[in-house]
Structure formats: structure tokens, C-alpha cells
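This is work_36.cif. It holds mmCIF, C-alpha atoms.
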data_final
#
loop_
_atom_site.group_PDB
_atom_site.id
_atom_site.type_symbol
_atom_site.label_atom_id
_atom_site.label_comp_id
_atom_site.auth_asym_id
_atom_site.auth_seq_id
_atom_site.Cartn_x
_atom_site.Cartn_y
_atom_site.Cartn_z
ATOM 1 C CA MET A 14 0.000 0.000 0.000
ATOM 2 C CA ALA A 15 1.254 3.418 -0.931
ATOM 3 C CA ARG A 16 2.201 5.804 1.842
ATOM 4 C CA LEU A 17 -0.892 7.754 2.792
ATOM 5 C CA ASN A 18 -0.993 11.483 3.142
ATOM 6 C CA ASP A 19 -2.520 11.632 6.602
ATOM 7 C CA ASP A 20 -2.849 15.406 6.793
ATOM 8 C CA ALA A 21 -6.220 16.997 7.657
ATOM 9 C CA GLN A 22 -7.809 13.817 8.938
ATOM 10 C CA TRP A 23 -9.759 15.767 11.569
ATOM 11 C CA ILE A 24 -11.155 18.092 8.912
ATOM 12 C CA ILE A 25 -12.322 15.117 6.854
ATOM 13 C CA LEU A 26 -13.836 13.427 9.918
ATOM 14 C CA MET A 27 -15.715 16.597 10.877
ATOM 15 C CA GLY A 28 -16.903 16.878 7.297
ATOM 16 C CA PHE A 29 -18.417 13.410 7.533
ATOM 17 C CA LEU A 30 -20.013 14.160 10.892
ATOM 18 C CA ILE A 31 -21.635 17.345 9.607
ATOM 19 C CA SER A 32 -22.890 15.572 6.494
ATOM 20 C CA PHE A 33 -24.523 12.858 8.527
ATOM 21 C CA SER A 34 -26.061 15.322 10.962
ATOM 22 C CA PHE A 35 -27.658 17.071 7.980
ATOM 23 C CA PHE A 36 -29.043 13.740 6.886
ATOM 24 C CA PHE A 37 -30.657 13.102 10.250
ATOM 25 C CA LEU A 38 -32.051 16.637 10.371
ATOM 26 C CA ALA A 39 -33.632 15.971 6.974
ATOM 27 C CA ILE A 40 -35.307 12.847 8.395
ATOM 28 C CA ILE A 41 -36.681 14.883 11.309
ATOM 29 C CA ILE A 42 -38.057 17.550 8.952
ATOM 30 C CA ASN A 43 -39.554 14.779 6.853
ATOM 31 C CA GLN A 44 -41.375 13.419 9.899
ATOM 32 C CA SER A 45 -42.955 16.803 10.654
ATOM 33 C CA THR A 46 -45.608 16.226 7.980
ATOM 34 C CA VAL A 47 -47.191 13.490 10.095
ATOM 35 C CA VAL A 48 -47.160 15.376 13.380
ATOM 36 C CA GLY A 49 -50.530 14.898 15.051
ATOM 37 C CA GLN A 50 -51.351 11.596 13.416
ATOM 38 C CA THR A 51 -51.232 9.582 16.611
ATOM 39 C CA THR A 52 -53.110 12.303 18.477
ATOM 40 C CA ALA A 53 -55.859 12.497 15.866
ATOM 41 C CA GLU A 54 -56.248 8.746 15.642
ATOM 42 C CA SER A 55 -56.518 8.298 19.373
ATOM 43 C CA VAL A 56 -59.068 11.120 19.585
ATOM 44 C CA ILE A 57 -61.143 9.434 16.862
ATOM 45 C CA GLU A 58 -60.852 6.025 18.459
ATOM 46 C CA PHE A 59 -61.822 7.089 21.950
ATOM 47 C CA PRO A 60 -65.645 7.467 22.108
ATOM 48 C CA LYS A 61 -65.695 10.433 24.475
ATOM 49 C CA ASN A 62 -68.538 12.239 22.723
ATOM 50 C CA ASP A 63 -70.562 9.039 22.375
ATOM 51 C CA ILE A 64 -70.363 8.269 26.084
ATOM 52 C CA ARG A 65 -71.150 11.825 27.155
ATOM 53 C CA ASP A 66 -74.057 11.960 24.735
ATOM 54 C CA LEU A 67 -75.385 8.628 25.969
ATOM 55 C CA THR A 68 -75.163 9.415 29.680
ATOM 56 C CA GLY A 69 -76.639 12.822 28.911
ATOM 57 C CA ILE A 70 -79.733 11.409 27.250
ATOM 58 C CA ILE A 71 -80.223 8.683 29.859
ATOM 59 C CA THR A 72 -80.120 11.168 32.692
ATOM 60 C CA TYR A 73 -82.287 13.606 30.731
ATOM 61 C CA ASN A 74 -84.876 10.890 30.289
ATOM 62 C CA THR A 75 -85.038 10.207 34.039
ATOM 63 C CA SER A 76 -86.212 13.778 34.595
ATOM 64 C CA ARG A 77 -88.584 13.645 31.637
ATOM 65 C CA SER A 78 -91.085 10.813 31.206
ATOM 66 C CA ASN A 79 -88.754 7.852 31.822
ATOM 67 C CA SER A 80 -90.560 6.184 28.951
ATOM 68 C CA THR A 81 -90.112 2.418 28.847
ATOM 69 C CA GLU A 82 -89.823 2.638 25.074
ATOM 70 C CA VAL A 83 -86.686 4.755 25.477
ATOM 71 C CA VAL A 84 -85.162 2.090 27.735
ATOM 72 C CA ARG A 85 -85.739 -0.439 24.945
ATOM 73 C CA ASP A 86 -84.741 1.930 22.127
ATOM 74 C CA ILE A 87 -81.266 2.836 23.323
ATOM 75 C CA PRO A 88 -79.620 -0.651 23.510
ATOM 76 C CA VAL A 89 -81.115 -1.718 20.165
ATOM 77 C CA ILE A 90 -80.086 1.424 18.255
ATOM 78 C CA ALA A 91 -76.664 1.601 19.949
ATOM 79 C CA LEU A 92 -75.867 -1.966 18.900
ATOM 80 C CA SER A 93 -77.194 -1.537 15.393
ATOM 81 C CA ARG A 94 -75.839 1.911 14.526
ATOM 82 C CA LYS A 95 -72.909 2.464 16.907
ATOM 83 C CA ASN A 96 -71.608 -1.099 17.357
ATOM 84 C CA ALA A 97 -71.733 -0.573 21.090
ATOM 85 C CA ILE A 98 -73.292 -2.669 23.802
ATOM 86 C CA VAL A 99 -75.286 -0.402 26.092
ATOM 87 C CA ARG A 100 -77.293 -1.482 29.077
ATOM 88 C CA TYR A 101 -78.702 0.694 31.793
ATOM 89 C CA THR A 102 -81.019 0.582 34.744
ATOM 90 C CA VAL A 103 -82.799 3.557 36.232
ATOM 91 C CA ILE A 104 -84.083 3.719 39.768
ATOM 92 C CA LEU A 105 -86.580 6.525 40.227
ATOM 93 C CA PRO A 106 -86.889 8.457 43.523
ATOM 94 C CA GLN A 107 -88.368 6.442 46.384
ATOM 95 C CA SER A 108 -90.048 9.435 47.940
ATOM 96 C CA PRO A 109 -90.394 10.662 50.553
ATOM 97 C CA GLN A 110 -87.354 8.865 51.971
ATOM 98 C CA ASP A 111 -85.122 9.460 48.953
ATOM 99 C CA THR A 112 -85.525 12.200 46.367
ATOM 100 C CA HIS A 113 -82.702 11.099 44.079
ATOM 101 C CA SER A 114 -82.791 9.203 40.808
ATOM 102 C CA TYR A 115 -80.102 6.651 40.118
ATOM 103 C CA ALA A 116 -78.800 5.214 36.874
ATOM 104 C CA LEU A 117 -76.363 2.376 36.338
ATOM 105 C CA ILE A 118 -74.943 2.720 32.846
ATOM 106 C CA HIS A 119 -72.761 0.211 31.015
ATOM 107 C CA TYR A 120 -71.070 0.938 27.694
ATOM 108 C CA ASN A 121 -68.718 -1.281 25.687
ATOM 109 C CA ASN A 122 -67.804 -0.788 22.041
ATOM 110 C CA GLY A 123 -65.123 -3.466 21.961
ATOM 111 C CA VAL A 124 -62.276 -1.015 22.505
ATOM 112 C CA THR A 125 -63.491 1.133 25.356
ATOM 113 C CA GLU A 126 -65.505 -0.098 28.296
ATOM 114 C CA TYR A 127 -67.248 2.365 30.562
ATOM 115 C CA ASP A 128 -69.449 2.057 33.621
ATOM 116 C CA GLU A 129 -71.143 4.858 35.439
ATOM 117 C CA ASN A 130 -73.148 5.040 38.611
ATOM 118 C CA TRP A 131 -75.079 8.258 38.286
ATOM 119 C CA THR A 132 -77.026 10.036 40.979
ATOM 120 C CA SER A 133 -79.318 12.960 40.306
ATOM 121 C CA LEU A 134 -79.221 16.199 42.252
ATOM 122 C CA MET B 27 9.154 8.583 25.439
ATOM 123 C CA SER B 28 12.637 9.476 26.468
ATOM 124 C CA PHE B 29 14.040 12.894 27.112
ATOM 125 C CA SER B 30 17.473 14.096 26.118
ATOM 126 C CA LYS B 31 19.744 15.034 28.991
ATOM 127 C CA LYS B 32 20.748 18.208 27.128
ATOM 128 C CA GLY B 33 17.443 20.008 27.622
ATOM 129 C CA TRP B 34 13.951 20.337 26.184
ATOM 130 C CA GLY B 35 15.138 22.019 23.021
ATOM 131 C CA LYS B 36 16.719 18.900 21.726
ATOM 132 C CA THR B 37 13.927 16.592 22.716
ATOM 133 C CA LYS B 38 12.880 14.596 19.769
ATOM 134 C CA VAL B 39 9.205 15.251 19.100
ATOM 135 C CA ARG B 40 7.549 11.991 18.417
ATOM 136 C CA ASN B 41 4.170 12.182 16.748
ATOM 137 C CA ARG B 42 1.319 9.710 17.109
ATOM 138 C CA SER B 43 2.213 7.747 14.042
ATOM 139 C CA ALA B 44 5.481 6.805 15.623
ATOM 140 C CA LEU B 45 3.620 5.159 18.516
ATOM 141 C CA GLU B 46 0.737 3.525 16.752
ATOM 142 C CA ASN B 47 0.159 2.037 13.399
ATOM 143 C CA THR B 48 -1.788 4.748 11.625
ATOM 144 C CA ALA B 49 -1.811 3.203 8.226
ATOM 145 C CA GLY B 50 -5.164 3.198 6.450
ATOM 146 C CA GLN B 51 -7.040 5.629 8.690
ATOM 147 C CA LEU B 52 -8.687 7.378 5.760
ATOM 148 C CA TYR B 53 -9.589 4.039 4.247
ATOM 149 C CA THR B 54 -11.275 3.113 7.556
ATOM 150 C CA ILE B 55 -13.263 6.346 7.614
ATOM 151 C CA GLU B 56 -14.206 5.834 3.986
ATOM 152 C CA GLY B 57 -15.339 2.314 4.750
ATOM 153 C CA ILE B 58 -17.532 3.483 7.630
ATOM 154 C CA ALA B 59 -19.010 6.214 5.433
ATOM 155 C CA ALA B 60 -19.725 3.747 2.640
ATOM 156 C CA GLY B 61 -21.392 1.394 5.129
ATOM 157 C CA LEU B 62 -23.615 4.170 6.488
ATOM 158 C CA ILE B 63 -24.554 5.227 2.970
ATOM 159 C CA MET B 64 -25.604 1.656 2.173
ATOM 160 C CA ILE B 65 -27.692 1.383 5.349
ATOM 161 C CA MET B 66 -29.405 4.703 4.631
ATOM 162 C CA THR B 67 -30.099 3.703 1.055
ATOM 163 C CA ALA B 68 -31.715 0.511 2.277
ATOM 164 C CA TYR B 69 -33.789 2.553 4.770
ATOM 165 C CA LEU B 70 -34.948 4.973 2.079
ATOM 166 C CA VAL B 71 -35.832 2.147 -0.321
ATOM 167 C CA VAL B 72 -37.852 0.279 2.309
ATOM 168 C CA SER B 73 -39.638 3.373 3.598
ATOM 169 C CA ALA B 74 -40.482 4.541 0.077
ATOM 170 C CA THR B 75 -43.313 1.993 -0.031
ATOM 171 C CA SER B 76 -45.192 3.881 2.686
ATOM 172 C CA VAL B 77 -45.257 7.563 1.880
ATOM 173 C CA TYR B 78 -47.469 9.401 4.358
ATOM 174 C CA THR B 79 -49.265 12.499 3.208
ATOM 175 C CA ALA B 80 -51.180 14.935 5.375
ATOM 176 C CA GLY B 81 -54.441 13.260 4.337
ATOM 177 C CA ASP B 82 -53.382 9.955 5.868
ATOM 178 C CA THR B 83 -52.987 11.456 9.294
ATOM 179 C CA HIS B 84 -56.770 11.764 9.983
ATOM 180 C CA ILE B 85 -56.238 15.201 11.522
ATOM 181 C CA SER B 86 -58.899 16.816 9.315
ATOM 182 C CA ASP B 87 -61.257 13.889 10.033
ATOM 183 C CA MET B 88 -60.875 14.446 13.737
ATOM 184 C CA GLN B 89 -61.550 18.182 13.367
ATOM 185 C CA LEU B 90 -64.584 17.589 11.139
ATOM 186 C CA GLU B 91 -65.991 15.075 13.604
ATOM 187 C CA GLN B 92 -65.603 17.484 16.503
ATOM 188 C CA LEU B 93 -67.178 20.321 14.507
ATOM 189 C CA GLY B 94 -70.193 18.190 13.621
ATOM 190 C CA THR B 95 -70.600 16.891 17.172
ATOM 191 C CA ASP B 96 -70.529 20.445 18.494
ATOM 192 C CA ALA B 97 -73.042 21.640 15.891
ATOM 193 C CA LEU B 98 -75.493 18.869 16.797
ATOM 194 C CA LYS B 99 -74.964 19.580 20.482
ATOM 195 C CA VAL B 100 -75.794 23.252 19.919
ATOM 196 C CA MET B 101 -78.908 22.284 17.979
ATOM 197 C CA ASP B 102 -80.030 19.977 20.791
ATOM 198 C CA ALA B 103 -79.650 22.614 23.500
ATOM 199 C CA PRO B 104 -83.075 23.934 24.572
ATOM 200 C CA ALA B 105 -83.572 27.686 24.911
ATOM 201 C CA SER B 106 -84.568 27.158 28.529
ATOM 202 C CA ARG B 107 -85.068 24.289 30.920
ATOM 203 C CA GLY B 108 -88.098 22.148 30.176
ATOM 204 C CA GLN B 109 -88.474 23.383 26.610
ATOM 205 C CA ASN B 110 -87.892 21.346 23.509
ATOM 206 C CA SER B 111 -84.616 21.846 21.682
ATOM 207 C CA LEU B 112 -84.534 22.813 18.025
ATOM 208 C CA LEU B 113 -83.469 19.303 17.047
ATOM 209 C CA GLN B 114 -86.360 17.767 19.001
ATOM 210 C CA ASP B 115 -88.791 20.171 17.311
ATOM 211 C CA ILE B 116 -87.426 19.407 13.865
ATOM 212 C CA ILE B 117 -87.821 15.649 14.300
ATOM 213 C CA GLU B 118 -91.216 15.833 15.993
ATOM 214 C CA LYS B 119 -92.762 18.190 13.445
ATOM 215 C CA THR B 120 -91.343 16.623 10.287
ATOM 216 C CA PRO B 121 -93.257 13.650 8.866
ATOM 217 C CA VAL B 122 -91.043 10.532 8.943
ATOM 218 C CA GLY B 123 -88.753 10.438 5.924
ATOM 219 C CA THR B 124 -89.396 13.934 4.575
ATOM 220 C CA SER B 125 -86.763 16.614 4.209
ATOM 221 C CA ASN B 126 -86.579 19.456 6.697
ATOM 222 C CA ALA B 127 -85.161 22.740 5.417
ATOM 223 C CA THR B 128 -84.654 24.217 8.899
ATOM 224 C CA PHE B 129 -82.168 21.495 9.784
ATOM 225 C CA GLY B 130 -80.264 22.309 6.595
ATOM 226 C CA LEU B 131 -80.187 26.041 7.288
ATOM 227 C CA VAL B 132 -79.031 25.752 10.892
ATOM 228 C CA PHE B 133 -76.555 22.905 10.442
ATOM 229 C CA SER B 134 -75.000 24.524 7.363
ATOM 230 C CA ASP B 135 -74.719 27.811 9.166
ATOM 231 C CA LEU B 136 -73.123 26.271 12.268
ATOM 232 C CA THR B 137 -70.567 24.193 10.381
ATOM 233 C CA ASN B 138 -69.724 26.460 7.444
ATOM 234 C CA SER B 139 -69.451 29.830 9.166
ATOM 235 C CA HIS B 140 -66.135 31.602 9.405
ATOM 236 C CA THR B 141 -65.282 34.786 11.174
ATOM 237 C CA THR B 142 -65.322 36.450 7.770
ATOM 238 C CA ALA B 143 -68.117 36.376 5.211
ATOM 239 C CA VAL B 144 -66.328 33.602 3.319
ATOM 240 C CA LYS B 145 -68.128 30.298 3.819
ATOM 241 C CA ASP B 146 -66.540 26.892 4.248
ATOM 242 C CA HIS B 147 -67.671 24.113 1.908
ATOM 243 C CA ILE B 148 -68.665 21.261 4.215
ATOM 244 C CA GLN B 149 -71.411 19.056 2.805
ATOM 245 C CA TYR B 150 -73.593 16.677 4.763
ATOM 246 C CA THR B 151 -76.444 14.242 4.602
ATOM 247 C CA ALA B 152 -78.522 13.702 7.725
ATOM 248 C CA SER B 153 -80.912 11.017 8.872
ATOM 249 C CA TYR B 154 -82.138 9.544 12.118
ATOM 250 C CA SER B 155 -82.520 5.957 13.246
ATOM 251 C CA TYR B 156 -85.365 4.591 15.339
ATOM 252 C CA ARG B 157 -86.494 1.214 16.570
ATOM 253 C CA ASN B 158 -89.331 0.003 14.369
ATOM 254 C CA LEU B 159 -92.135 -1.016 16.740
ATOM 255 C CA THR B 160 -94.222 -2.600 14.005
ATOM 256 C CA ASP B 161 -91.383 -4.806 12.825
ATOM 257 C CA PRO B 162 -91.574 -8.241 14.516
ATOM 258 C CA THR B 163 -87.830 -8.244 15.232
ATOM 259 C CA ASN B 164 -87.779 -4.580 16.285
ATOM 260 C CA ALA B 165 -85.289 -3.776 13.528
ATOM 261 C CA VAL B 166 -83.785 -0.320 13.320
ATOM 262 C CA SER B 167 -85.121 1.901 10.551
ATOM 263 C CA SER B 168 -83.657 5.103 9.199
ATOM 264 C CA ALA B 169 -85.551 8.217 8.253
ATOM 265 C CA PHE B 170 -84.065 10.848 5.968
ATOM 266 C CA LEU B 171 -83.781 14.329 7.458
ATOM 267 C CA HIS B 172 -81.913 16.630 5.089
ATOM 268 C CA SER B 173 -78.890 16.713 2.824
ATOM 269 C CA SER B 174 -76.923 19.468 1.174
ATOM 270 C CA ARG B 175 -75.787 17.164 -1.606
ATOM 271 C CA ASN B 176 -76.369 13.617 -2.748
ATOM 272 C CA LEU B 177 -73.771 11.006 -1.876
ATOM 273 C CA SER B 178 -71.780 9.839 -4.865
ATOM 274 C CA ALA B 179 -69.729 7.223 -2.983
ATOM 275 C CA GLY B 180 -66.521 9.132 -3.632
ATOM 276 C CA GLU B 181 -66.614 11.220 -0.494
ATOM 277 C CA HIS B 182 -64.275 10.720 2.410
ATOM 278 C CA ALA B 183 -66.974 11.253 4.993
ATOM 279 C CA VAL B 184 -67.018 11.132 8.767
ATOM 280 C CA ARG B 185 -70.114 10.264 10.766
ATOM 281 C CA VAL B 186 -71.331 12.234 13.756
ATOM 282 C CA THR B 187 -74.257 11.186 15.898
ATOM 283 C CA LYS B 188 -76.520 12.629 18.563
ATOM 284 C CA TRP B 189 -79.078 10.926 20.773
ATOM 285 C CA VAL B 190 -82.365 12.788 20.916
ATOM 286 C CA ILE B 191 -85.560 12.017 22.808
ATOM 287 C CA VAL B 192 -88.698 12.895 20.863
ATOM 288 C CA ASN B 193 -92.402 12.512 21.444
ATOM 289 C CA LYS B 194 -93.409 11.021 18.138
ATOM 290 C CA LYS B 195 -95.110 8.101 16.415
ATOM 291 C CA LEU B 196 -92.198 6.022 15.136
ATOM 292 C CA PRO B 197 -93.169 4.504 12.736
ATOM 293 C CA PRO B 198 -96.311 6.550 11.972
ATOM 294 C CA SER B 199 -98.577 3.547 12.577
ATOM 295 C CA SER B 200 -97.403 3.112 16.185
ATOM 296 C CA PRO B 201 -98.732 4.926 19.265
ATOM 297 C CA LEU B 202 -97.428 8.309 20.361
ATOM 298 C CA ALA B 203 -94.666 7.923 22.954
ATOM 299 C CA ASP B 204 -91.354 9.323 24.113
ATOM 300 C CA ARG B 205 -88.744 7.629 21.953
ATOM 301 C CA ALA B 206 -84.975 7.707 21.685
ATOM 302 C CA VAL B 207 -83.660 8.309 18.164
ATOM 303 C CA LEU B 208 -80.109 8.592 16.941
ATOM 304 C CA VAL B 209 -79.486 11.508 14.601
ATOM 305 C CA GLU B 210 -76.687 10.570 12.194
ATOM 306 C CA VAL B 211 -74.923 13.043 9.951
ATOM 307 C CA LEU B 212 -72.349 12.155 7.323
ATOM 308 C CA MET B 213 -70.039 15.122 6.763
ATOM 309 C CA TRP B 214 -67.409 15.680 4.149
ATOM 310 C CA ARG B 215 -65.477 18.520 2.623
ATOM 311 C CA ASP B 216 -66.140 19.220 -1.003
#

Would you mind writing the structure in this file as C-alpha cells?
Amino acid sequence: MARLNDDAQWIILMGFLISFSFFFLAIIINQSTVVGQTTAESVIEFPKNDIRDLTGIITYNTSRSNSTEVVRDIPVIALSRKNAIVRYTVILPQSPQDTHSYALIHYNNGVTEYDENWTSL
Amino acid sequence: MSFSKKGWGKTKVRNRSALENTAGQLYTIEGIAAGLIMIMTAYLVVSATSVYTAGDTHISDMQLEQLGTDALKVMDAPASRGQNSLLQDIIEKTPVGTSNATFGLVFSDLTNSHTTAVKDHIQYTASYSYRNLTDPTNAVSSAFLHSSRNLSAGEHAVRVTKWVIVNKKLPPSSPLADRAVLVEVLMWRD
């Protein structure tokens, strides 16, 4: 092997380092286009609005007519249109001893399971 | 290292190459660089099969879903306690399956309004589902409510829903009762 000119090895090494750091910076910039993907997907997957809407209407119905048709409607429509198993029981006020309504609500859409024990004011 | 007895000035300066074998250092660096280039090339080739664009990130879907949920929530808020909400009124007063222009006006206004006069271009088609009392298996039926545009199957739509309790004959041949219906709106950007 011919005798190497080993001058300026540090300069060459630094040159390589800087080149590679540029490469990794480019990868980071490239990734910035998908920022928020995981956040958005987890927001979509988690049925926060569904659960709040459901508990809202169940508790609203206890102060309205507490129609037995509503009690039958909700599990059937939830399973058919929302792919969620919903069951709930409402206990109306046992006056005069107790003036509160109670609701036991169960929700399961296969990913998120939620149970609530609600008491009216 | 050994020092001359005649002082520092005559000390022989020995550089690193005299102590170690420094042959081929540049070739080593070049080899490492070539290796890294090959690994990166392989990475780029493999990752080229999955190019993510902003549309794949579902961020706009999430925003559209939240906008629609909020709009339906606003429409289902009664003016005062004990009164019917607008959404309840719309469903109760519209014959099953017929279009309701009020829903269209309010929903369009809530979802397409900007702070300036320029309107957004969100389209929707709305319906509600109810349990069919006359059906022997109590199947769920859907009733059309309103749409701003017909579906052409090419839309990338999101679905938003809202539970509403209405006092209505569902279906029209059944007795009047409080019923739970699920308002469903498909929304997409045109």
C-alpha cells in the first residue's frame, strides 16, 4: 500500500459528521408532515362524545317521562348503529325517603368499556 | 518517550504515528461512510413503499368530527329548561322520511361559518334511526332528514351522531310515545 498522506484527517472526519447530521435533520423535517397523526387517531378512536351523549340522554330521560320505550330503544339502536353494547337501569326516587334518581350505565364498544353510577341532584 | 539530557530544546518530538500504526485511517473512515450510505439507502428504499401524506394522518377527520358533534350539540340545546330543543322540534314536526329545510339552514350555518363572510364548503347528509315497533324483530329503521348534496360514494366522509328524545309516532302507525332516536350526519369537505 502506498504511503498515505494523513494530513487533515480531523477536517475530513468533521466533514463526515456534519454531512450525517444534515441527513438526520432531513429525516426529522420529513417526519414533521405526520405530526398529530397519533393524536388524531386516538381522539377518533376514543368514544368520548358518544359516552357523554349517551349518559346525557339517559339522565335527561329520568327527569322527563322515563318512557319504557326509550329504555328499549337505546340498547337496540346503539348496537345496530354504533356497534356498542349499552345497558342501563334507572331507579326513580323512592319518595319521601329518597328524592334522588339513580342510573347504572354500562357501555362497551369493543375497545373502550365504561361504567357509570349516576345520581341525580 | 525518552528525554534528552541536554534540555527540552533537543527533545525529539515523536508524533502519534510513531507510537501507533496509523496506516489506512482514511480508508477506515471511507469504509464506515460507505457502510452508512448503504444502510441509509436501504432505509430509504424500504420506507419509500409507505409515503405518508397529510391526508393519511386523519387530523382533518378528527376536526370535522368534533365540529359536527358540536353543531349537533348546539342544535339539541333547549332555549330554557323544560323546553324542547330545536333538534327535538325538527324531528317531531317533520313527517317521517321527509326533508326538513330548517335542519339544513341551521346545520350549514353552524358548520360552514367563518369569522369572515367567506363560507366553508362542508357538505352533509342527515338522517335519524329509530327502533321500528311494528317490525316483529324490532329492527332499526332510518328516516331521511336533510342533505346538502347527494352522496356519490366518492366522499371521504365522517359520521357524527346525537341521541335525541322525541315525542313522536315512530313509525307513523305506532302509538305516540317518548322515543330515543339517533341523529346521524355524514359530513365531508367538497

Checklist line | For Lys188 of chain B, the nearest of the candidates B:Asn164, B:Arg157, B:Thr142, B:Asp96, counting all atoms listed in the file | finding: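 For Lys188 of chain B, the nearest of the candidates is B:Asp96.
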
Item checked: Distance query 12 Å from (-77.1, 14.9, 42.7) using all atoms listed in the file, result as a VMD selection string -> chain A and resid 72 106 111 to 116 130 to 134

Would you save the residues of that selection, restricted to C-alpha atoms, as a PDB file, in the frame of the given file?
ATOM      1  CA  THR A  72     -80.120  11.168  32.692  1.00  0.00           C
ATOM      2  CA  PRO A 106     -86.889   8.457  43.523  1.00  0.00           C
ATOM      3  CA  ASP A 111     -85.122   9.460  48.953  1.00  0.00           C
ATOM      4  CA  THR A 112     -85.525  12.200  46.367  1.00  0.00           C
ATOM      5  CA  HIS A 113     -82.702  11.099  44.079  1.00  0.00           C
ATOM      6  CA  SER A 114     -82.791   9.203  40.808  1.00  0.00           C
ATOM      7  CA  TYR A 115     -80.102   6.651  40.118  1.00  0.00           C
ATOM      8  CA  ALA A 116     -78.800   5.214  36.874  1.00  0.00           C
ATOM      9  CA  ASN A 130     -73.148   5.040  38.611  1.00  0.00           C
ATOM     10  CA  TRP A 131     -75.079   8.258  38.286  1.00  0.00           C
ATOM     11  CA  THR A 132     -77.026  10.036  40.979  1.00  0.00           C
ATOM     12  CA  SER A 133     -79.318  12.960  40.306  1.00  0.00           C
ATOM     13  CA  LEU A 134     -79.221  16.199  42.252  1.00  0.00           C
TER      14      LEU A 134
END

Notebook entry, point to check: Which one of A:Val48, A:Val84, A:Ala91, A:Ile57 sits closest to Tyr120 of chain A if you count only C-alpha atoms?
Noted result: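 Looking only at the distances to Tyr120 of chain A, the closest residue turns out to be A:Ala91.
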
Check: Do you know which residues the PyMOL selection byres ((chain A) within 8 of (chain B)) returns on this file, as an MDAnalysis selection string?
Finding: chainID A and resid 16:17 19 22 26 29 46:47 49:51 53:54 56:57 62:63 66:67 70 74 78 80 82:83 86:87 89:90 93:94

Item checked: From A:Leu105, A:Ile25, A:Asn43, A:His119, residue lying nearest Asn79 of chain A [all atoms listed in the file] -> A:Leu105

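As for atom CA of Ile117 of chain B and atom CA of Val184 of chain B, they are spaced 22.0 Å apart.
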
Let me have the centre and edge lengths in Å, one decimal, of the box along x, y and z around every listed atom of segment 188-202 of chain B with 6 Å of margin on each side, as lines of an AutoDock Vina configuration file.
center_x = -87.6
center_y = 8.0
center_z = 17.4
size_x = 34.2
size_y = 21.8
size_z = 22.8

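What the PyMOL selection byres ((chain A and resi 124) around 12) grabs from this file is Ser55, Ile57, Glu58, Phe59, Pro60, Asn96, Ala97, Ile98, Tyr120, Asn121, Asn122, Gly123, Thr125, Glu126 and Tyr127 of chain A.
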
Check: Care to translate the PyMOL selection byres ((chain B and resi 124) around 12) into actual residues of this file, as an NGL selection string?
Finding: :B and (116-123 or 125-127 or 129 or 152-154 or 168-173)

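Residues lying within 7 Å of (-66.1, 14.7, 0.1). Counted over all atoms listed in the file, they are Gly180, Glu181, His182, Ala183, Trp214, Arg215 and Asp216 of chain B.
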
Margin query: Please determine, counting only C-alpha atoms, which residue among A:Ile40, A:Leu30, A:Phe35, A:Leu92 has the shortest atom-to-atom distance to Tyr69 of chain B.
Written below: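 Among the listed residues, A:Ile40 lies closest to Tyr69 of chain B.
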
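In terms of minimum interatomic distance to Leu112 of chain B, B:Thr128 ranks closest within B:Thr163, B:Thr75, B:Gln149, B:Thr128, counting only C-alpha atoms.
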
Notebook entry, point to check: Near Met101 of chain B, within 7 Å and counting all atoms listed in the file, which residues show up once chain neighbours fewer than 4 positions away are dropped, as a ChimeraX atom specification?
Noted result: /B:97,111-113

For C-alpha atoms, I'd like the residues from the last selection saved as a PDB file, in the frame of the given file.
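Output (again18.pdb):
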ATOM      1  CA  ALA B  97     -73.042  21.640  15.891  1.00  0.00           C
ATOM      2  CA  SER B 111     -84.616  21.846  21.682  1.00  0.00           C
ATOM      3  CA  LEU B 112     -84.534  22.813  18.025  1.00  0.00           C
ATOM      4  CA  LEU B 113     -83.469  19.303  17.047  1.00  0.00           C
TER       5      LEU B 113
END

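You will find atom CA of Ile118 of chain A at 8.5 Å from atom CA of Ile71 of chain A.
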
Checklist line | Point-to-point distance in Å for atom CA of Leu212 of chain B and atom CA of Ile148 of chain B | finding: 10.3 Å
